[in-house]
$ cat protein_35.txt   # compact mmCIF, C-alpha atoms
# COMPACT_ATOMS: atom_id res chain seq x y z
CA PRO A 1 -4.51 109.85 -55.36
CA PHE A 2 -6.00 109.29 -58.82
CA ALA A 3 -9.61 108.26 -59.41
CA ASP A 4 -10.77 107.17 -62.86
CA ASP A 5 -12.53 103.80 -62.83
CA SER A 6 -11.29 103.00 -66.35
CA MET A 7 -7.87 102.44 -64.76
CA LEU A 8 -9.25 99.16 -63.41
CA SER A 9 -10.09 97.99 -66.93
CA LEU A 10 -6.72 99.19 -68.20
CA ASP A 11 -4.98 97.30 -65.40
CA ASN A 12 -6.70 94.04 -66.45
CA VAL A 13 -5.73 94.59 -70.09
CA LEU A 14 -2.08 95.29 -69.25
CA LYS A 15 -1.91 92.29 -66.92
CA ALA A 16 -3.01 90.09 -69.83
CA VAL A 17 -0.43 91.75 -72.11
CA LYS A 18 2.30 91.20 -69.51
CA LEU A 19 1.40 87.49 -69.21
CA LYS A 20 2.01 87.14 -72.95
CA GLY A 21 5.58 88.29 -72.42
CA GLU A 22 5.20 91.67 -74.11
CA LYS A 23 7.34 94.59 -72.94
CA VAL A 24 5.92 97.52 -74.91
CA VAL A 25 2.30 98.55 -75.56
CA LEU A 26 0.80 101.24 -77.79
CA SER A 27 -1.99 103.52 -76.58
CA GLY A 28 -4.53 105.41 -78.67
CA ASP A 29 -4.72 108.27 -76.16
CA GLY A 30 -4.81 111.68 -77.80
CA ALA A 31 -6.49 110.65 -81.06
CA ASP A 32 -9.88 112.10 -80.09
CA GLU A 33 -8.33 115.35 -78.91
CA ILE A 34 -6.19 116.08 -81.98
CA PHE A 35 -8.63 114.69 -84.60
CA SER A 36 -11.83 116.05 -82.96
CA GLY A 37 -13.39 112.70 -82.05
CA TYR A 38 -15.70 113.70 -79.20
CA ASN A 39 -19.32 114.83 -79.50
CA ARG A 40 -18.41 118.10 -77.78
CA TYR A 41 -16.53 119.24 -80.89
CA ASN A 42 -19.86 119.06 -82.73
CA LEU A 43 -21.75 120.66 -79.85
CA ASP A 44 -22.27 124.10 -81.38
CA LEU A 45 -23.84 122.45 -84.45
CA TYR A 46 -26.08 120.21 -82.32
CA LEU A 47 -27.30 123.12 -80.23
CA LYS A 48 -28.19 125.13 -83.34
CA LEU A 49 -30.10 122.24 -84.93
CA ILE A 50 -32.07 121.00 -81.90
CA PRO A 51 -34.74 123.39 -80.47
CA GLU A 52 -34.90 123.63 -76.69
CA PHE A 53 -38.55 122.47 -76.58
CA VAL A 54 -37.46 119.18 -78.20
CA LEU A 55 -34.79 118.71 -75.52
CA ARG A 56 -37.33 119.43 -72.77
CA TRP A 57 -39.72 116.88 -74.31
CA LEU A 58 -36.95 114.27 -74.43
CA LEU A 59 -36.03 115.03 -70.82
CA ASN A 60 -39.50 113.98 -69.69
CA LEU A 61 -38.99 110.52 -71.20
CA TYR A 62 -36.24 109.56 -68.74
CA ASP A 63 -35.94 108.98 -65.03
CA SER A 64 -33.98 111.77 -63.33
CA ARG A 65 -31.51 109.20 -61.95
CA THR A 66 -30.39 107.96 -65.37
CA LEU A 67 -27.32 109.05 -67.30
CA ARG A 68 -29.45 109.95 -70.32
CA TYR A 69 -31.52 112.39 -68.22
CA THR A 70 -28.33 114.03 -66.94
CA GLN A 71 -26.96 114.34 -70.48
CA ILE A 72 -30.14 115.96 -71.85
CA ALA A 73 -30.44 118.31 -68.86
CA LYS A 74 -26.83 119.35 -69.48
CA LEU A 75 -27.62 120.04 -73.15
CA ILE A 76 -30.49 122.32 -72.11
CA ASP A 77 -28.15 124.21 -69.77
CA LEU A 78 -25.50 124.44 -72.51
CA LYS A 79 -28.04 125.74 -75.03
CA ARG A 80 -28.79 128.59 -72.63
CA THR A 81 -25.06 129.32 -72.21
CA LYS A 82 -23.94 131.87 -74.79
CA SER A 83 -20.14 131.82 -74.31
CA VAL A 84 -18.33 129.10 -76.31
CA PHE A 85 -15.67 128.83 -73.59
CA GLU A 86 -18.26 128.52 -70.82
CA ARG A 87 -19.98 125.71 -72.73
CA HIS A 88 -16.72 123.80 -73.23
CA TYR A 89 -15.67 124.41 -69.64
CA LYS A 90 -18.97 123.04 -68.33
CA ILE A 91 -18.60 119.90 -70.43
CA SER A 92 -15.12 119.39 -68.98
CA GLN A 93 -16.49 119.23 -65.42
CA ILE A 94 -16.99 115.47 -65.41
CA VAL A 95 -17.34 114.75 -61.68
CA LEU A 96 -18.70 117.87 -60.01
CA THR A 97 -19.70 121.29 -61.25
CA ASP A 98 -17.98 124.33 -59.75
CA ASP A 99 -21.12 125.04 -57.70
CA GLN A 100 -21.10 121.52 -56.29
CA ARG A 101 -17.36 121.67 -55.59
CA SER A 102 -17.81 124.89 -53.62
CA GLU A 103 -20.44 123.11 -51.47
CA VAL A 104 -18.52 119.85 -51.03
CA LEU A 105 -14.90 120.98 -50.56
CA THR A 106 -13.91 122.67 -47.32
CA ASP A 107 -11.09 124.48 -49.20
CA PHE A 108 -12.49 125.33 -52.65
CA THR A 109 -10.28 127.00 -55.28
CA ASP A 110 -11.90 128.59 -58.33
CA ILE A 111 -9.73 127.60 -61.31
CA ARG A 112 -12.05 129.00 -64.00
CA THR A 113 -10.62 132.53 -63.84
CA THR A 114 -7.07 131.16 -63.99
CA LEU A 115 -7.93 129.06 -67.03
CA ILE A 116 -9.45 132.01 -68.87
CA SER A 117 -6.38 134.13 -68.14
CA SER A 118 -3.92 131.42 -69.25
CA MET A 119 -5.78 130.79 -72.52
CA GLN A 120 -6.31 134.37 -73.71
CA ALA A 121 -3.82 133.97 -76.58
CA LEU A 122 -5.49 130.72 -77.71
CA PHE A 123 -8.92 132.34 -77.90
CA LYS A 124 -7.67 134.30 -80.93
CA GLN A 125 -7.52 130.99 -82.81
CA SER A 126 -10.57 129.13 -84.18
CA ASN A 127 -12.91 127.46 -81.69
CA HIS A 128 -11.79 124.00 -82.83
CA HIS A 129 -8.14 124.97 -82.36
CA TRP A 130 -8.33 126.14 -78.74
CA LYS A 131 -10.76 123.38 -77.78
CA ASN A 132 -8.29 120.75 -78.99
CA ILE A 133 -5.41 122.36 -77.07
CA PHE A 134 -7.55 122.83 -73.95
CA ASP A 135 -8.41 119.12 -73.93
CA LEU A 136 -4.83 118.06 -74.61
CA ARG A 137 -3.61 120.06 -71.63
CA PHE A 138 -6.31 119.32 -69.11
CA LEU A 139 -7.83 116.00 -70.17
CA VAL A 140 -4.93 114.13 -71.76
CA GLU A 141 -2.08 115.55 -69.69
CA GLY A 142 -4.01 115.75 -66.43
CA ASN A 143 -5.95 112.49 -66.69
CA MET A 144 -5.15 110.03 -69.44
CA MET A 145 -1.37 110.30 -69.25
CA VAL A 146 -1.42 109.98 -65.47
CA LYS A 147 -3.57 106.86 -65.71
CA GLY A 148 -1.52 105.26 -68.49
CA ASP A 149 1.79 106.05 -66.80
CA ARG A 150 0.81 104.66 -63.40
CA ILE A 151 -0.89 101.49 -64.61
CA SER A 152 1.83 100.64 -67.14
CA MET A 153 4.51 101.09 -64.46
CA LYS A 154 2.47 98.94 -62.08
CA ASN A 155 2.64 96.15 -64.66
CA SER A 156 6.29 96.82 -65.61
CA LEU A 157 5.40 97.73 -69.20
CA GLU A 158 6.55 100.58 -71.42
CA LEU A 159 3.59 102.57 -72.71
CA ARG A 160 4.04 104.52 -75.95
CA VAL A 161 1.54 107.07 -77.25
CA PRO A 162 2.06 107.59 -81.02
CA PHE A 163 -0.83 110.04 -81.39
CA LEU A 164 0.98 112.44 -79.05
CA ASP A 165 4.04 112.69 -81.26
CA GLU A 166 4.88 116.40 -81.34
CA ALA A 167 4.97 116.69 -85.14
CA LEU A 168 1.68 114.79 -85.53
CA VAL A 169 -0.09 116.85 -82.85
CA THR A 170 1.07 120.14 -84.42
CA LYS A 171 0.02 119.12 -87.93
CA ALA A 172 -3.33 117.69 -86.83
CA ILE A 173 -4.33 120.73 -84.76
CA ASN A 174 -3.29 123.13 -87.53
CA GLN A 175 -5.61 121.21 -89.88
CA ASN A 176 -8.44 120.78 -87.37
CA SER A 177 -11.03 122.37 -89.66
CA LYS A 178 -10.78 119.23 -91.84
CA HIS A 179 -11.42 116.71 -89.06
CA ILE A 180 -15.22 117.12 -88.96
CA ARG A 181 -17.12 116.90 -92.23
CA LEU A 182 -20.88 116.57 -92.57
CA GLY A 183 -21.00 116.03 -88.82
CA ILE A 184 -18.63 113.02 -89.02
CA LYS A 185 -15.98 113.23 -86.29
CA LYS A 186 -12.35 112.17 -86.90
CA PHE A 187 -13.19 112.23 -90.61
CA LYS A 188 -9.61 112.26 -91.89
CA LEU A 189 -8.44 109.51 -89.52
CA LYS A 190 -11.42 107.31 -90.41
CA TYR A 191 -10.81 107.90 -94.11
CA ILE A 192 -7.18 106.76 -93.78
CA PHE A 193 -8.29 103.71 -91.76
CA LEU A 194 -10.95 102.72 -94.31
CA LYS A 195 -8.56 103.17 -97.19
CA LYS A 196 -6.00 100.88 -95.56
CA PHE A 197 -8.14 98.27 -93.79
CA GLY A 198 -11.60 98.48 -95.38
CA LEU A 199 -15.07 98.86 -93.89
CA ARG A 200 -15.07 95.35 -92.40
CA ARG A 201 -12.61 96.29 -89.65
CA LEU A 202 -14.34 99.53 -88.68
CA GLN A 203 -16.28 99.19 -85.44
CA LYS A 204 -18.19 101.45 -83.09
CA LYS A 205 -16.19 102.96 -80.26
CA MET A 206 -16.81 101.33 -76.89
CA GLY A 207 -16.44 102.74 -73.40
CA PHE A 208 -13.64 101.57 -71.13
CA GLY A 209 -15.19 102.08 -67.71
CA ALA A 210 -15.27 99.32 -65.09
CA PRO A 211 -18.71 97.67 -64.48
CA LEU A 212 -18.79 98.77 -60.84
CA LEU A 213 -22.53 99.46 -60.72
CA THR A 214 -23.51 96.25 -62.52
CA ASP A 215 -21.21 93.24 -62.11
CA TYR A 216 -19.77 94.46 -58.78
CA ASN A 217 -22.70 96.55 -57.53
CA GLU A 218 -23.26 94.74 -54.21
CA GLU A 219 -19.62 94.80 -53.12
CA TYR A 220 -19.14 98.34 -54.42
CA SER A 221 -22.21 99.65 -52.58
CA THR A 222 -21.06 98.02 -49.34
CA ILE A 223 -17.65 99.73 -49.54
CA LEU A 224 -19.20 103.11 -50.40
CA ASP A 225 -21.84 102.93 -47.65
CA SER A 226 -19.21 102.05 -45.03
CA ILE A 227 -17.37 105.27 -45.93
CA LEU A 228 -20.45 107.49 -46.07
CA ILE A 229 -21.69 106.54 -42.59
CA ASN A 230 -18.34 106.74 -40.79
CA LYS A 231 -17.98 110.29 -39.47
CA GLU A 232 -14.52 109.60 -38.05
CA LEU A 233 -12.77 109.11 -41.40
CA GLN A 234 -10.09 111.61 -42.47
CA ILE A 235 -11.88 112.32 -45.75
CA TRP A 236 -14.64 114.24 -43.95
CA LYS A 237 -12.10 116.79 -42.75
CA LEU A 238 -11.56 117.74 -46.40
CA ILE A 239 -15.03 117.17 -47.77
CA ASN A 240 -18.48 118.12 -46.48
CA GLN A 241 -20.04 114.77 -45.58
CA SER A 242 -23.71 115.81 -45.68
CA GLU A 243 -23.39 117.61 -49.02
CA THR A 244 -21.56 114.65 -50.55
CA LYS A 245 -24.28 112.26 -49.38
CA ARG A 246 -26.95 114.61 -50.72
CA ILE A 247 -25.39 114.78 -54.20
CA LEU A 248 -24.85 111.01 -54.29
CA SER A 249 -28.45 110.39 -53.16
CA GLU A 250 -29.68 112.11 -56.32
CA LYS A 251 -28.23 109.15 -58.29
CA SER A 252 -27.42 111.38 -61.25
CA GLY A 253 -25.32 110.37 -64.23
CA ASN A 254 -22.06 111.33 -62.49
CA PHE A 255 -22.77 108.98 -59.55
CA LYS A 256 -20.12 106.42 -60.50
CA ARG A 257 -17.36 109.00 -61.06
CA LEU A 258 -18.06 110.80 -57.79
CA SER A 259 -18.55 107.67 -55.69
CA PHE A 260 -15.34 106.12 -57.06
CA ALA A 261 -13.43 109.33 -56.28
CA ILE A 262 -14.78 109.25 -52.71
CA ILE A 263 -13.70 105.62 -52.24
CA VAL A 264 -10.21 106.19 -53.66
CA LEU A 265 -9.58 109.32 -51.58
CA ALA A 266 -10.89 107.72 -48.39
CA LYS A 267 -8.73 104.60 -48.85
CA TRP A 268 -5.67 106.67 -49.79
CA LEU A 269 -6.00 108.88 -46.70
CA GLU A 270 -6.49 105.82 -44.52
CA LYS A 271 -3.31 104.26 -45.88
CA GLU A 272 -1.13 107.38 -45.86
CA LEU A 273 -2.20 108.69 -42.44
CA ASP A 274 -2.30 105.33 -40.68
$ encode --input "protein_35.txt" --output "structure tokens"
Amino acid sequence: PFADDSMLSLDNVLKAVKLKGEKVVLSGDGADEIFSGYNRYNLDLYLKLIPEFVLRWLLNLYDSRTLRYTQIAKLIDLKRTKSVFERHYKISQIVLTDDQRSEVLTDFTDIRTTLISSMQALFKQSNHHWKNIFDLRFLVEGNMMVKGDRISMKNSLELRVPFLDEALVTKAINQNSKHIRLGIKKFKLKYIFLKKFGLRRLQKKMGFGAPLLTDYNEEYSTILDSILINKELQIWKLINQSETKRILSEKSGNFKRLSFAIIVLAKWLEKELD
């Protein structure tokens, strides 16, 4: 089973493309990872510039159930984390932390030690270098490519990913020190875009998640609640039901990711074991 709610949005986009008679689509996956487009590539700079007391003050401005509160609380935790790898690893835990996973999963496997061992050679490179490769292997390969491959096949379309061309990836990562300038992420890519298309076509990046907690909140909540209260479901043989309900009840910023993962796994088990 695969659970990333943005696959619902991607499915709608590819359905529309298919209706137009197209057979091949291009994806931008990989651009942020090889050209340092995420905020986490600037994280070390942010943490140096922003004092912890400012972050604590900002934290008090938000309700603990909001995404912004979760993000600021995570920054405070990251500021107290000295190891660069540990900081990047914590950011990569987008659904549950290792501590939460150990409480929720009946068969928990600690992958952190394995990751550190497998990346020892990369740690000799610059921080930007190994961060880019880490994200390519575990975010792009393990998430984005799975999503793109499955949804494009579902719609009988061929998905091509030009930013993951081997020569481009190698050249971009070897020049990664040039991708962030004056705090501007994907600097080189943006410069090329502006030079070719002009400022008028440049627009702010938008999220691709499905509006499950807004447009479909009532239906979504009904499905989730029916799973959470049913003790007989197969999912609760793999996952601790009470701990899952406790974490979800906190309504933290990862609520949508976790709740969607619960729904997908429960429905998949129901279908496969029926």
$ closest_residue --input "protein_35.txt" --among "A:Lys171, A:Arg160, A:Lys147, A:Lys196" --to "Leu8 (chain A)" --atoms "all atoms listed in the file"
A:Lys147
$ closest_residue --input "protein_35.txt" --among "A:Asn143, A:Lys231, A:Asp98, A:Gln203" --to "Asp4 (chain A)" --atoms "only C-alpha atoms"
A:Asn143
$ residues_around --input "protein_35.txt" --residues "region 249-254 of chain A" --least-positions-apart "4" --cutoff "9 Å" --atoms "only C-alpha atoms" --output "number ranges by chain"
A: 64-71, 94-96, 244-245, 258-259
$ atom_distance --input "protein_35.txt" --atom1 "CA of Val264 (chain A)" --atom2 "CA of Leu10 (chain A)"
16.5 Å
$ axis_aligned_box --input "protein_35.txt" --around "region 229-242 of chain A" --padding-each-side "3 Å" --output "lines of an AutoDock Vina configuration file"
center_x = -16.9
center_y = 112.3
center_z = -42.9
size_x = 19.6
size_y = 17.6
size_z = 15.7
$ residues_around --input "protein_35.txt" --residues "region 87-92 of chain A" --least-positions-apart "4" --cutoff "9 Å" --atoms "only C-alpha atoms" --output "tab-separated table (two decimals) with C-alpha atoms, keeping the file's coordinate frame"
chain	number	residue	atom	x	y	z
A	40	ARG	CA	-18.41	118.10	-77.78
A	41	TYR	CA	-16.53	119.24	-80.89
A	43	LEU	CA	-21.75	120.66	-79.85
A	74	LYS	CA	-26.83	119.35	-69.48
A	77	ASP	CA	-28.15	124.21	-69.77
A	78	LEU	CA	-25.50	124.44	-72.51
A	79	LYS	CA	-28.04	125.74	-75.03
A	81	THR	CA	-25.06	129.32	-72.21
A	82	LYS	CA	-23.94	131.87	-74.79
A	83	SER	CA	-20.14	131.82	-74.31
A	97	THR	CA	-19.70	121.29	-61.25
A	98	ASP	CA	-17.98	124.33	-59.75
A	112	ARG	CA	-12.05	129.00	-64.00
A	131	LYS	CA	-10.76	123.38	-77.78
A	135	ASP	CA	-8.41	119.12	-73.93
A	138	PHE	CA	-6.31	119.32	-69.11
A	139	LEU	CA	-7.83	116.00	-70.17
